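Worksheet for the structure shown next.
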Amino acid sequence: MTPERQSPKIEDISWGTTRVEGGKSYKDVKLFPGGSREWNWNETGTSHSPGIQPADVEELIEHGASTVILSRGMARRLQVQDSTLDWLDDQGIEVEVLPTEDAVEEYNRRTESEPVGALIHSTC
């Protein structure tokens, strides 16, 4: 995988802050092959319940992710809509739904070997 298309690693995660390679920090972050940006829930009307929706993950696929890691938050309060999992399955995308710290570990493990995307929620 070429470095410019590799997904950036997460250097550190703590309550309310995710630090990504290159010195960028976010509360909630979208990561994808070639970059990262703030995950602003207001863009799609996301909330803890009913949770992550297809509109939240579309950008990851547009950037070439073939695997998506979804974090549920530090206290596992963020849900994932069934329609999101169904949409990813329809696209042929492998998905993992994990508590945030496990999601970070799994995401970082996959960054060197495949085009991976993630939504990381750093609080509840």
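Labeling convention for the structure tokens: chains A, B, ... as they appear, residues from 1 per chain, ligands from 1 in order of appearance.
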
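Backbone DSSP assigns alpha helix (DSSP H) in region 2-124 of chain A to Pro54, Ala55, Asp56, Val57, Glu58, Glu59, Leu60, Ile61, Glu62, Asp82, Ser83, Thr84, Leu85, Asp86, Trp87, Leu88, Asp89, Asp90, Thr100, Glu101, Asp102, Ala103, Val104, Glu105, Glu106, Tyr107, Asn108, Arg109 and Arg110 of chain A.
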
**Report entry** Val116 (chain A) surroundings by only C-alpha atoms, 6 Å radius, close-in-sequence under 4 positions cut, as a ChimeraX atom specification
**Finding:** /A:65-68

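Residues of region 77-106 of chain A that DSSP, applied to the backbone, places in strand (DSSP E): Glu94, Val95, Glu96, Val97 and Leu98 of chain A.
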
May I have the selected residues written with C-alpha atoms, as a compact mmCIF listing (two decimals), in the first residue's frame?
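Wrote again31.txt, looks like this:
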# COMPACT_ATOMS: atom_id res chain seq x y z
CA GLU A 94 -16.14 -5.85 6.25
CA VAL A 95 -17.22 -4.14 9.48
CA GLU A 96 -16.20 -4.44 13.12
CA VAL A 97 -18.20 -2.78 15.92
CA LEU A 98 -16.15 -2.43 19.11

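With only C-alpha atoms taken into account, the protein and nucleic acid residues at most 6 Å from region 81-90 of chain A (excluding it and anything under 3 positions from it in its own chain) are A:Gly51, A:Ile52, A:Gln53, A:Pro54, A:Ile93.
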
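Neighbouring residues of Leu60 (chain A) at 10 Å or closer, counting only C-alpha atoms and skipping chain neighbours under 6 positions away, are Lys30, Leu31, Phe32, Pro33, Gly35, Ser36, Ser66, Thr67, Val68, Pro115, Val116, Gly117, Ala118 and Leu119 of chain A.
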
Query raised in the report: Taking only C-alpha atoms into account, which of A:Ser113, A:Trp39, A:Thr123, A:Ile69 comes nearest Thr17 (chain A)?
Result: A:Thr123
